Each structure stands twice: as structure tokens, then as C-alpha cells.
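Content type TSV, C-alpha atoms and all ligand atoms, from the file protein.tsv:
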```
chain	number	residue	atom	x	y	z
A	1	MET	CA	45.01	-93.69	-65.78
A	2	LYS	CA	47.34	-95.05	-68.48
A	3	ARG	CA	47.49	-91.58	-70.05
A	4	ASP	CA	48.45	-90.12	-66.64
A	5	LEU	CA	51.24	-92.65	-66.18
A	6	ILE	CA	52.66	-91.84	-69.62
A	7	ASN	CA	52.47	-88.09	-68.99
A	8	THR	CA	54.14	-88.41	-65.60
A	9	GLY	CA	56.81	-90.63	-67.11
A	10	LEU	CA	57.51	-88.07	-69.84
A	11	LEU	CA	57.69	-85.26	-67.28
A	12	TRP	CA	60.09	-87.41	-65.23
A	13	LEU	CA	62.29	-87.97	-68.29
A	14	VAL	CA	62.37	-84.27	-69.23
A	15	LEU	CA	63.15	-83.15	-65.67
A	16	SER	CA	65.85	-85.83	-65.38
A	17	ILE	CA	67.54	-84.73	-68.60
A	18	LEU	CA	67.46	-81.11	-67.43
A	19	GLY	CA	68.87	-82.17	-64.05
A	20	TRP	CA	71.66	-84.20	-65.66
A	21	LEU	CA	72.57	-81.31	-67.96
A	22	LEU	CA	72.75	-79.07	-64.90
A	23	VAL	CA	74.90	-81.32	-62.69
A	24	LEU	CA	77.22	-82.40	-65.52
A	25	ASN	CA	77.89	-78.88	-66.79
A	26	TRP	CA	77.98	-76.94	-63.56
A	27	ASN	CA	81.43	-77.25	-62.04
A	28	ILE	CA	81.08	-76.14	-58.43
A	29	PHE	CA	84.52	-77.32	-57.32
A	30	PRO	CA	87.68	-75.35	-56.68
A	31	PRO	CA	90.68	-76.59	-58.71
A	32	ALA	CA	91.72	-80.17	-57.92
A	33	LEU	CA	95.48	-80.38	-57.41
A	34	ALA	CA	95.84	-84.00	-56.25
A	35	ARG	CA	95.15	-87.50	-57.51
A	36	GLU	CA	92.91	-88.08	-54.48
A	37	ALA	CA	90.92	-84.92	-55.24
A	38	GLU	CA	89.93	-86.29	-58.65
A	39	ILE	CA	88.62	-89.47	-56.99
A	40	VAL	CA	86.54	-87.43	-54.54
A	41	ASP	CA	85.15	-85.19	-57.30
A	42	ASN	CA	84.27	-88.20	-59.46
A	43	ALA	CA	82.46	-89.77	-56.50
A	44	PHE	CA	80.50	-86.56	-55.92
A	45	ASN	CA	79.54	-86.30	-59.59
A	46	LEU	CA	78.43	-89.94	-59.69
A	47	LEU	CA	76.24	-89.42	-56.62
A	48	MET	CA	74.68	-86.34	-58.23
A	49	VAL	CA	73.94	-88.22	-61.46
A	50	LEU	CA	72.30	-91.05	-59.49
A	51	ALA	CA	70.36	-88.66	-57.24
A	52	VAL	CA	68.81	-86.66	-60.10
A	53	PRO	CA	66.26	-89.30	-61.28
A	54	VAL	CA	65.28	-90.12	-57.68
A	55	PHE	CA	64.61	-86.44	-56.99
A	56	THR	CA	62.83	-85.75	-60.30
A	57	PHE	CA	60.68	-88.89	-59.89
A	58	ILE	CA	59.08	-87.40	-56.79
A	59	VAL	CA	58.94	-83.87	-58.22
A	60	ALA	CA	57.35	-85.09	-61.49
A	61	ILE	CA	54.57	-86.94	-59.63
A	62	MET	CA	53.95	-83.96	-57.34
A	63	ILE	CA	53.80	-81.42	-60.17
A	64	TYR	CA	51.62	-83.61	-62.40
A	65	ALA	CA	49.22	-84.56	-59.60
A	66	ALA	CA	48.92	-80.98	-58.38
A	67	PHE	CA	47.72	-79.76	-61.80
A	68	ARG	CA	45.96	-82.81	-63.26
A	69	PHE	CA	43.93	-83.77	-60.18
A	70	ARG	CA	43.27	-80.29	-58.86
A	71	ASP	CA	39.66	-79.96	-57.63
A	72	PRO	CA	38.79	-76.48	-56.34
A	73	GLU	CA	35.32	-77.67	-55.26
A	74	ARG	CA	36.58	-80.22	-52.81
A	75	THR	CA	37.68	-79.09	-49.35
A	76	GLU	CA	38.16	-82.49	-47.68
A	77	ASP	CA	40.85	-85.13	-48.20
A	78	GLY	CA	40.12	-87.86	-50.74
A	79	PRO	CA	39.58	-91.49	-49.70
A	80	PRO	CA	42.68	-93.32	-48.41
A	81	ILE	CA	44.54	-95.49	-50.91
A	82	ARG	CA	45.23	-98.93	-49.45
A	83	GLU	CA	46.23	-101.01	-52.47
A	84	THR	CA	49.84	-99.84	-52.59
A	85	GLY	CA	51.66	-103.04	-51.66
A	86	ARG	CA	53.38	-103.52	-54.99
A	87	ILE	CA	54.37	-99.86	-55.33
A	88	MET	CA	55.84	-99.87	-51.82
A	89	THR	CA	57.77	-103.05	-52.57
A	90	ALA	CA	59.11	-101.66	-55.83
A	91	TRP	CA	60.11	-98.37	-54.15
A	92	LEU	CA	61.91	-100.24	-51.36
A	93	VAL	CA	63.72	-102.56	-53.76
A	94	VAL	CA	64.87	-99.70	-56.00
A	95	THR	CA	66.05	-97.39	-53.19
A	96	VAL	CA	67.75	-100.19	-51.22
A	97	THR	CA	69.51	-101.33	-54.41
A	98	LEU	CA	70.68	-97.78	-55.12
A	99	ALA	CA	71.87	-97.29	-51.54
A	100	ALA	CA	73.74	-100.62	-51.54
A	101	GLY	CA	75.20	-99.76	-54.94
A	102	ILE	CA	76.67	-96.43	-53.85
A	103	LEU	CA	77.97	-98.03	-50.66
A	104	ILE	CA	80.08	-100.26	-52.90
A	105	ASN	CA	80.86	-97.68	-55.59
A	106	PRO	CA	81.93	-94.95	-54.99
A	107	GLY	CA	82.01	-95.99	-51.28
A	108	PHE	CA	84.37	-98.95	-50.88
A	109	VAL	CA	85.84	-98.66	-54.39
A	110	GLY	CA	86.67	-94.97	-53.93
A	111	MET	CA	88.24	-95.57	-50.51
A	112	ALA	CA	90.36	-98.38	-51.97
A	113	GLU	CA	91.47	-96.11	-54.84
A	114	ILE	CA	92.51	-93.39	-52.42
A	115	ARG	CA	94.44	-95.85	-50.25
A	116	ALA	CA	96.11	-97.59	-53.18
A	117	GLY	CA	99.55	-96.39	-54.16
A	118	GLY	CA	102.00	-98.27	-51.95
A	119	GLU	CA	104.74	-96.81	-49.82
A	120	PRO	CA	104.88	-93.02	-49.49
A	121	ASP	CA	107.72	-91.14	-51.19
A	122	ILE	CA	107.96	-88.71	-48.32
A	123	VAL	CA	106.57	-88.34	-44.79
A	124	ILE	CA	105.68	-84.89	-43.48
A	125	GLY	CA	104.42	-84.19	-39.96
A	126	ILE	CA	101.63	-81.72	-39.21
A	127	THR	CA	100.94	-80.74	-35.61
A	128	GLY	CA	98.05	-78.50	-34.66
A	129	GLN	CA	97.77	-76.37	-31.56
A	130	ARG	CA	95.74	-73.36	-30.52
A	131	TRP	CA	96.16	-71.60	-32.94
A	132	SER	CA	98.90	-72.53	-35.31
A	133	TRP	CA	100.32	-75.38	-37.38
A	134	THR	CA	103.81	-76.83	-37.15
A	135	ILE	CA	105.19	-78.68	-40.17
A	136	SER	CA	107.95	-81.24	-39.56
A	137	TYR	CA	110.01	-81.85	-42.70
A	138	PRO	CA	112.05	-85.04	-43.23
A	139	ASN	CA	115.32	-83.14	-42.69
A	140	GLY	CA	114.31	-82.52	-39.08
A	141	VAL	CA	113.40	-78.85	-39.49
A	142	ASP	CA	110.11	-77.53	-38.10
A	143	VAL	CA	108.29	-74.63	-39.73
A	144	THR	CA	105.29	-72.91	-38.14
A	145	SER	CA	102.36	-71.12	-39.71
A	146	TYR	CA	103.45	-67.89	-37.99
A	147	THR	CA	106.46	-67.51	-40.24
A	148	GLY	CA	106.47	-70.18	-42.93
A	149	GLU	CA	104.39	-72.02	-45.48
A	150	LEU	CA	103.70	-75.66	-46.25
A	151	VAL	CA	105.84	-76.55	-49.25
A	152	LEU	CA	105.14	-79.85	-51.02
A	153	PRO	CA	106.84	-81.70	-53.90
A	154	VAL	CA	104.59	-82.37	-56.90
A	155	ASP	CA	104.01	-85.98	-58.09
A	156	ASN	CA	105.17	-87.43	-54.76
A	157	ARG	CA	102.94	-89.69	-52.74
A	158	ILE	CA	103.03	-87.76	-49.47
A	159	GLU	CA	102.11	-89.28	-46.14
A	160	PHE	CA	101.05	-86.67	-43.63
A	161	GLU	CA	101.40	-87.77	-40.03
A	162	ILE	CA	98.90	-85.58	-38.29
A	163	THR	CA	98.53	-84.91	-34.60
A	164	SER	CA	97.65	-82.22	-32.11
A	165	LEU	CA	99.74	-80.93	-29.24
A	166	ASP	CA	99.11	-82.92	-26.05
A	167	PRO	CA	97.34	-81.46	-24.13
A	168	ASP	CA	95.41	-79.32	-26.59
A	169	VAL	CA	92.10	-79.73	-28.41
A	170	ILE	CA	91.14	-81.54	-31.62
A	171	HIS	CA	91.95	-79.70	-34.83
A	172	SER	CA	91.43	-80.79	-38.42
A	173	VAL	CA	93.72	-80.60	-41.43
A	174	TRP	CA	91.96	-79.34	-44.53
A	175	ILE	CA	93.43	-78.22	-47.84
A	176	PRO	CA	90.44	-77.58	-50.14
A	177	ALA	CA	92.41	-78.22	-53.35
A	178	PHE	CA	93.12	-81.76	-52.03
A	179	ARG	CA	89.49	-82.30	-50.85
A	180	ILE	CA	90.34	-84.61	-47.93
A	181	LYS	CA	90.03	-83.57	-44.26
A	182	LYS	CA	91.69	-85.39	-41.40
A	183	ASP	CA	91.35	-84.77	-37.67
A	184	ALA	CA	94.39	-83.86	-35.60
A	185	VAL	CA	93.87	-85.57	-32.24
A	186	PRO	CA	96.04	-85.02	-29.12
A	187	GLY	CA	98.09	-88.13	-28.30
A	188	ARG	CA	97.27	-89.87	-31.54
A	189	ILE	CA	98.73	-89.85	-35.06
A	190	THR	CA	96.32	-89.90	-37.99
A	191	GLN	CA	97.47	-90.38	-41.56
A	192	MET	CA	96.49	-88.72	-44.79
A	193	PHE	CA	97.90	-89.65	-48.20
A	194	ILE	CA	98.05	-87.02	-50.91
A	195	THR	CA	99.69	-87.05	-54.33
A	196	PRO	CA	99.81	-83.50	-55.72
A	197	THR	CA	99.50	-83.58	-59.50
A	198	GLU	CA	100.08	-79.93	-60.30
A	199	THR	CA	102.19	-77.12	-58.97
A	200	GLY	CA	100.29	-74.25	-57.40
A	201	SER	CA	100.29	-71.80	-54.56
A	202	PHE	CA	98.08	-69.85	-52.20
A	203	GLU	CA	99.07	-66.69	-54.06
A	204	ASP	CA	97.29	-68.04	-57.15
A	205	ASP	CA	94.36	-69.69	-55.37
A	206	PRO	CA	93.09	-69.29	-51.78
A	207	ASN	CA	91.95	-72.94	-51.88
A	208	VAL	CA	95.60	-73.96	-51.76
A	209	ARG	CA	95.85	-73.38	-48.05
A	210	LEU	CA	95.93	-75.47	-44.91
A	211	GLN	CA	92.95	-74.46	-42.81
A	212	CYS	CA	91.76	-75.83	-39.48
A	213	ALA	CA	88.35	-77.42	-40.07
A	214	GLU	CA	87.45	-78.27	-36.47
A	215	LEU	CA	86.10	-75.40	-34.39
A	216	CYS	CA	88.82	-75.05	-31.77
A	217	GLY	CA	88.31	-71.72	-30.05
A	218	LEU	CA	88.87	-68.01	-30.45
A	219	GLY	CA	91.65	-68.21	-33.06
A	220	HIS	CA	90.13	-71.04	-35.12
A	221	ALA	CA	89.49	-68.88	-38.19
A	222	THR	CA	93.07	-67.63	-38.23
A	223	MET	CA	94.53	-71.12	-37.93
A	224	ALA	CA	95.67	-71.25	-41.53
A	225	MET	CA	98.88	-71.74	-43.45
A	226	LYS	CA	99.81	-70.96	-47.02
A	227	VAL	CA	100.54	-73.98	-49.21
A	228	ARG	CA	102.91	-74.11	-52.18
A	229	ILE	CA	103.29	-77.14	-54.46
A	230	VAL	CA	106.61	-77.06	-56.30
A	231	GLU	CA	108.81	-79.16	-58.58
A	232	GLN	CA	111.13	-81.69	-56.93
A	233	ALA	CA	114.28	-79.59	-57.49
A	234	GLU	CA	112.67	-76.53	-55.93
A	235	PHE	CA	111.51	-78.64	-52.99
A	236	ASP	CA	115.03	-79.97	-52.39
A	237	ALA	CA	116.37	-76.43	-52.53
A	238	TYR	CA	113.70	-75.34	-50.04
A	239	LEU	CA	114.73	-78.10	-47.61
A	240	ASP	CA	118.38	-76.97	-47.85
A	241	GLU	CA	117.32	-73.38	-47.33
A	242	ILE	CA	115.34	-73.99	-44.12
A	243	LEU	CA	118.10	-76.27	-42.83
A	244	ALA	CA	120.66	-73.50	-43.35
A	245	GLU	CA	118.38	-70.95	-41.68
A	246	GLY	CA	117.74	-73.23	-38.72
A	247	SER	CA	121.37	-74.05	-37.94
A	301	CU	CU	92.13	-75.67	-34.86
```
Please express the file's structure as C-alpha cells.
Ligand SMILES: [Cu+2]
Amino acid sequence: MKRDLINTGLLWLVLSILGWLLVLNWNIFPPALAREAEIVDNAFNLLMVLAVPVFTFIVAIMIYAAFRFRDPERTEDGPPIRETGRIMTAWLVVTVTLAAGILINPGFVGMAEIRAGGEPDIVIGITGQRWSWTISYPNGVDVTSYTGELVLPVDNRIEFEITSLDPDVIHSVWIPAFRIKKDAVPGRITQMFITPTETGSFEDDPNVRLQCAELCGLGHATMAMKVRIVEQAEFDAYLDEILAEGS
């Protein structure tokens, strides 16, 4: 019995190390172009690191038991095991502690990090409707996804004021390079704070696009808008340009 526990423990350790090597070296994310995206990615990686030993614990016991206690002669179930009180208690304590731990970090801590940052440098409106987006820039000019793109200044804390045409249906604002999704609800304004950290464009990466993430009807898949993150000077020039075009 002691031998079996040691063997299972070793198998658990080996599988855990392999699992950690896998999750720490395998980058499955598209590029992260915002401060908030890094927080989300770090939270995901932390959850993966914590989940690996829980998963391999069960797998190690299953694999070891399947080979070590295999009995081809026997066709019926073995006797029930009733003396498991301490194991059950330990399992409950460990899993509840882990769950409570991730609720706090990255849960509450991550949310607080994303919300921290004070007053926004700029407020940009996004309105969804079937099946287009309208961007409202601070200079009063509106640009739609039919003709324009969403241009954002790098290193600015941007507050998006998101809504949906009223009456229309619920849409959802999603820019994969920023990681965060926010619903656009008719008659209600939802907020999303993003601080782009790098310049980039849809031309370089299809993840730098505004895509509706709430199934909203026939044109849902086409409800997209190119995004371009630019330097402050280029952004100011862009605002002047659309103002001149509009007037
Ligand atoms: Cu939509």
C-alpha cells in the first residue's frame, strides 16, 4: 500500500511537471495590445497552472490503478470502500480552498486591477445596431462600420460608452486583442475601459477588429469594424480629418 502511494505520488509529480511545461510554454493567445489584456492573460495562465495538479492528481490515480490493480479473472465489482471519511474531508478542504483562492486572486484582484487607473483620458461612444457599429468621437463626429474604422490613441485610458440602438437587439463589443467583451444593450450605457499599449491595425492582425459577439441575427457575422491603434499625433490628425470631411 505504501509502495502504491509513493508510485502514484511520483506519477502525479511527473504528469504535473509535464503539464506545467505545456501550459507555460504554449502561447495560445493572439497578441495583447492593451494593459487590460495582459491582466486577463495573466489570470488565465494562473488558472491553468493551478488546474494542472488537480487534473493530473485524478489522472495519475486512474492510470496507476488501472494497471496496478488490473484483474482479468474478476468480472464483478470489488467490495465497496466505506472508510473514506478523512480522504473526503481532505479533498473538500483542498478544493474549497483552491476555489476560494482563485475567487480572490485572480478574481477580485484582477477586476480591481482592470478598474484601477482613474479618470479616462478620452471617451468614445460605440453604438450597435443590426448590423453595423457607429463610433462617436469626442469632436462630435460619427463614423460607421460601413465606411470607416475605429481609430484609437495609444497609451490613453479610453472609456468606451457602449449602447445599442433603441429599439434594436443586444449586441456585444469584442476586440480580441483587448480580450474584454461588453454587451451593448438598448436603452442602457455600459462602460469598458481599455488602455492600448501598442500601435497596431487590422491590416497587420485580424484580431485587431471590433466584432459583434452576441448572436443578433442574419448579419451578425458581418457586424465587424477594422481597428487601428495610432500615436497621439496621428489620432489628432484623424479627428481633424473626419471633422473636415463631415462639415
Ligand atoms: Cu450584433
Cut-off 7 Å, only C-alpha atoms and all ligand atoms, neighbours of ligand CU 301 (chain A) as a list in words: Gly128, Gln129, Arg130, Trp131, Ile170, His171, Ser172, Cys212, Ala213, Glu214, Leu215, Cys216, His220 and Met223 of chain A
Residues near A:Pro186, cut-off 7 Å, all atoms listed in the file, skip fewer than 4 positions along chain, as a PyMOL selection string: chain A and resi 163-170
Sphere at (99.5, -82.7, -56.4), radius 9 Å, counting all atoms listed in the file: residues as a ChimeraX atom specification: /A:32-37,152-157,177-178,194-200,229
All residues 9 Å or closer to A:Asn105, all atoms listed in the file, same chain fewer than 5 positions away omitted, as a ChimeraX atom specification: /A:43,100,110
Shell of 12 Å around A:Asn27, only C-alpha atoms, local chain residues under 2 positions omitted, as number ranges by chain: A: 21-25, 29-32, 41-42, 44-45, 48
Regenerate stretch 70-81 of chain A at the level of all heavy atoms and dump it as a PDB file, keeping the file's coordinate frame.
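As written to disk, out38.pdb reads:
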```
ATOM      1  N   ARG A  70      43.715 -81.433 -59.655  1.00  0.00           N
ATOM      2  CA  ARG A  70      43.270 -80.290 -58.860  1.00  0.00           C
ATOM      3  C   ARG A  70      41.736 -80.242 -58.879  1.00  0.00           C
ATOM      4  O   ARG A  70      41.112 -80.407 -59.922  1.00  0.00           O
ATOM      5  CB  ARG A  70      43.837 -79.006 -59.454  1.00  0.00           C
ATOM      6  CG  ARG A  70      43.807 -77.815 -58.546  1.00  0.00           C
ATOM      7  CD  ARG A  70      44.812 -76.789 -59.043  1.00  0.00           C
ATOM      8  NE  ARG A  70      44.458 -76.387 -60.412  1.00  0.00           N
ATOM      9  CZ  ARG A  70      43.726 -75.308 -60.684  1.00  0.00           C
ATOM     10  NH1 ARG A  70      43.289 -74.536 -59.715  1.00  0.00           N
ATOM     11  NH2 ARG A  70      43.438 -74.994 -61.935  1.00  0.00           N
ATOM     12  N   ASP A  71      41.126 -80.024 -57.716  1.00  0.00           N
ATOM     13  CA  ASP A  71      39.660 -79.960 -57.630  1.00  0.00           C
ATOM     14  C   ASP A  71      39.281 -78.848 -56.667  1.00  0.00           C
ATOM     15  O   ASP A  71      39.219 -79.055 -55.459  1.00  0.00           O
ATOM     16  CB  ASP A  71      39.114 -81.313 -57.144  1.00  0.00           C
ATOM     17  CG  ASP A  71      37.592 -81.317 -57.156  1.00  0.00           C
ATOM     18  OD1 ASP A  71      36.994 -80.255 -57.454  1.00  0.00           O
ATOM     19  OD2 ASP A  71      37.008 -82.375 -56.864  1.00  0.00           O
ATOM     20  N   PRO A  72      39.034 -77.642 -57.205  1.00  0.00           N
ATOM     21  CA  PRO A  72      38.790 -76.480 -56.340  1.00  0.00           C
ATOM     22  C   PRO A  72      37.516 -76.639 -55.507  1.00  0.00           C
ATOM     23  O   PRO A  72      37.375 -76.008 -54.463  1.00  0.00           O
ATOM     24  CB  PRO A  72      38.627 -75.317 -57.330  1.00  0.00           C
ATOM     25  CG  PRO A  72      39.116 -75.824 -58.636  1.00  0.00           C
ATOM     26  CD  PRO A  72      38.945 -77.288 -58.623  1.00  0.00           C
ATOM     27  N   GLU A  73      36.600 -77.515 -55.978  1.00  0.00           N
ATOM     28  CA  GLU A  73      35.320 -77.670 -55.260  1.00  0.00           C
ATOM     29  C   GLU A  73      35.507 -78.417 -53.947  1.00  0.00           C
ATOM     30  O   GLU A  73      34.791 -78.190 -52.983  1.00  0.00           O
ATOM     31  CB  GLU A  73      34.330 -78.474 -56.130  1.00  0.00           C
ATOM     32  CG  GLU A  73      34.105 -77.894 -57.518  1.00  0.00           C
ATOM     33  CD  GLU A  73      33.459 -76.513 -57.448  1.00  0.00           C
ATOM     34  OE1 GLU A  73      32.453 -76.377 -56.739  1.00  0.00           O
ATOM     35  OE2 GLU A  73      34.003 -75.567 -58.071  1.00  0.00           O
ATOM     36  N   ARG A  74      36.476 -79.315 -53.953  1.00  0.00           N
ATOM     37  CA  ARG A  74      36.580 -80.220 -52.810  1.00  0.00           C
ATOM     38  C   ARG A  74      37.433 -79.588 -51.698  1.00  0.00           C
ATOM     39  O   ARG A  74      38.506 -79.057 -51.945  1.00  0.00           O
ATOM     40  CB  ARG A  74      37.224 -81.528 -53.256  1.00  0.00           C
ATOM     41  CG  ARG A  74      37.390 -82.524 -52.127  1.00  0.00           C
ATOM     42  CD  ARG A  74      38.234 -83.675 -52.568  1.00  0.00           C
ATOM     43  NE  ARG A  74      37.416 -84.745 -53.118  1.00  0.00           N
ATOM     44  CZ  ARG A  74      37.924 -85.760 -53.801  1.00  0.00           C
ATOM     45  NH1 ARG A  74      39.191 -85.812 -54.051  1.00  0.00           N
ATOM     46  NH2 ARG A  74      37.136 -86.710 -54.238  1.00  0.00           N
ATOM     47  N   THR A  75      36.943 -79.667 -50.474  1.00  0.00           N
ATOM     48  CA  THR A  75      37.680 -79.090 -49.350  1.00  0.00           C
ATOM     49  C   THR A  75      38.195 -80.176 -48.404  1.00  0.00           C
ATOM     50  O   THR A  75      39.001 -79.904 -47.528  1.00  0.00           O
ATOM     51  CB  THR A  75      36.794 -78.122 -48.538  1.00  0.00           C
ATOM     52  OG1 THR A  75      35.600 -78.812 -48.182  1.00  0.00           O
ATOM     53  CG2 THR A  75      36.464 -76.887 -49.345  1.00  0.00           C
ATOM     54  N   GLU A  76      37.707 -81.420 -48.572  1.00  0.00           N
ATOM     55  CA  GLU A  76      38.160 -82.490 -47.680  1.00  0.00           C
ATOM     56  C   GLU A  76      39.173 -83.386 -48.408  1.00  0.00           C
ATOM     57  O   GLU A  76      39.246 -83.390 -49.631  1.00  0.00           O
ATOM     58  CB  GLU A  76      36.974 -83.359 -47.247  1.00  0.00           C
ATOM     59  CG  GLU A  76      36.100 -82.687 -46.206  1.00  0.00           C
ATOM     60  CD  GLU A  76      34.767 -83.404 -46.058  1.00  0.00           C
ATOM     61  OE1 GLU A  76      34.730 -84.624 -46.316  1.00  0.00           O
ATOM     62  OE2 GLU A  76      33.783 -82.734 -45.726  1.00  0.00           O
ATOM     63  N   ASP A  77      39.921 -84.170 -47.624  1.00  0.00           N
ATOM     64  CA  ASP A  77      40.850 -85.130 -48.200  1.00  0.00           C
ATOM     65  C   ASP A  77      40.086 -86.196 -48.981  1.00  0.00           C
ATOM     66  O   ASP A  77      38.944 -86.517 -48.644  1.00  0.00           O
ATOM     67  CB  ASP A  77      41.659 -85.830 -47.094  1.00  0.00           C
ATOM     68  CG  ASP A  77      42.734 -84.906 -46.554  1.00  0.00           C
ATOM     69  OD1 ASP A  77      42.940 -83.837 -47.153  1.00  0.00           O
ATOM     70  OD2 ASP A  77      43.355 -85.259 -45.535  1.00  0.00           O
ATOM     71  N   GLY A  78      40.716 -86.757 -50.005  1.00  0.00           N
ATOM     72  CA  GLY A  78      40.120 -87.860 -50.740  1.00  0.00           C
ATOM     73  C   GLY A  78      40.167 -89.131 -49.911  1.00  0.00           C
ATOM     74  O   GLY A  78      40.734 -89.155 -48.819  1.00  0.00           O
ATOM     75  N   PRO A  79      39.564 -90.220 -50.440  1.00  0.00           N
ATOM     76  CA  PRO A  79      39.580 -91.490 -49.700  1.00  0.00           C
ATOM     77  C   PRO A  79      41.006 -92.039 -49.614  1.00  0.00           C
ATOM     78  O   PRO A  79      41.816 -91.806 -50.514  1.00  0.00           O
ATOM     79  CB  PRO A  79      38.693 -92.403 -50.555  1.00  0.00           C
ATOM     80  CG  PRO A  79      38.738 -91.803 -51.916  1.00  0.00           C
ATOM     81  CD  PRO A  79      38.895 -90.333 -51.730  1.00  0.00           C
ATOM     82  N   PRO A  80      41.333 -92.748 -48.534  1.00  0.00           N
ATOM     83  CA  PRO A  80      42.680 -93.320 -48.410  1.00  0.00           C
ATOM     84  C   PRO A  80      42.928 -94.384 -49.473  1.00  0.00           C
ATOM     85  O   PRO A  80      42.008 -95.095 -49.877  1.00  0.00           O
ATOM     86  CB  PRO A  80      42.681 -93.931 -47.008  1.00  0.00           C
ATOM     87  CG  PRO A  80      41.248 -94.148 -46.671  1.00  0.00           C
ATOM     88  CD  PRO A  80      40.470 -93.091 -47.389  1.00  0.00           C
ATOM     89  N   ILE A  81      44.170 -94.476 -49.925  1.00  0.00           N
ATOM     90  CA  ILE A  81      44.540 -95.490 -50.910  1.00  0.00           C
ATOM     91  C   ILE A  81      45.236 -96.624 -50.164  1.00  0.00           C
ATOM     92  O   ILE A  81      46.257 -96.409 -49.514  1.00  0.00           O
ATOM     93  CB  ILE A  81      45.485 -94.896 -51.976  1.00  0.00           C
ATOM     94  CG1 ILE A  81      44.804 -93.705 -52.651  1.00  0.00           C
ATOM     95  CG2 ILE A  81      45.878 -95.947 -53.001  1.00  0.00           C
ATOM     96  CD1 ILE A  81      45.758 -92.833 -53.433  1.00  0.00           C
TER      97      ILE A  81
END
```
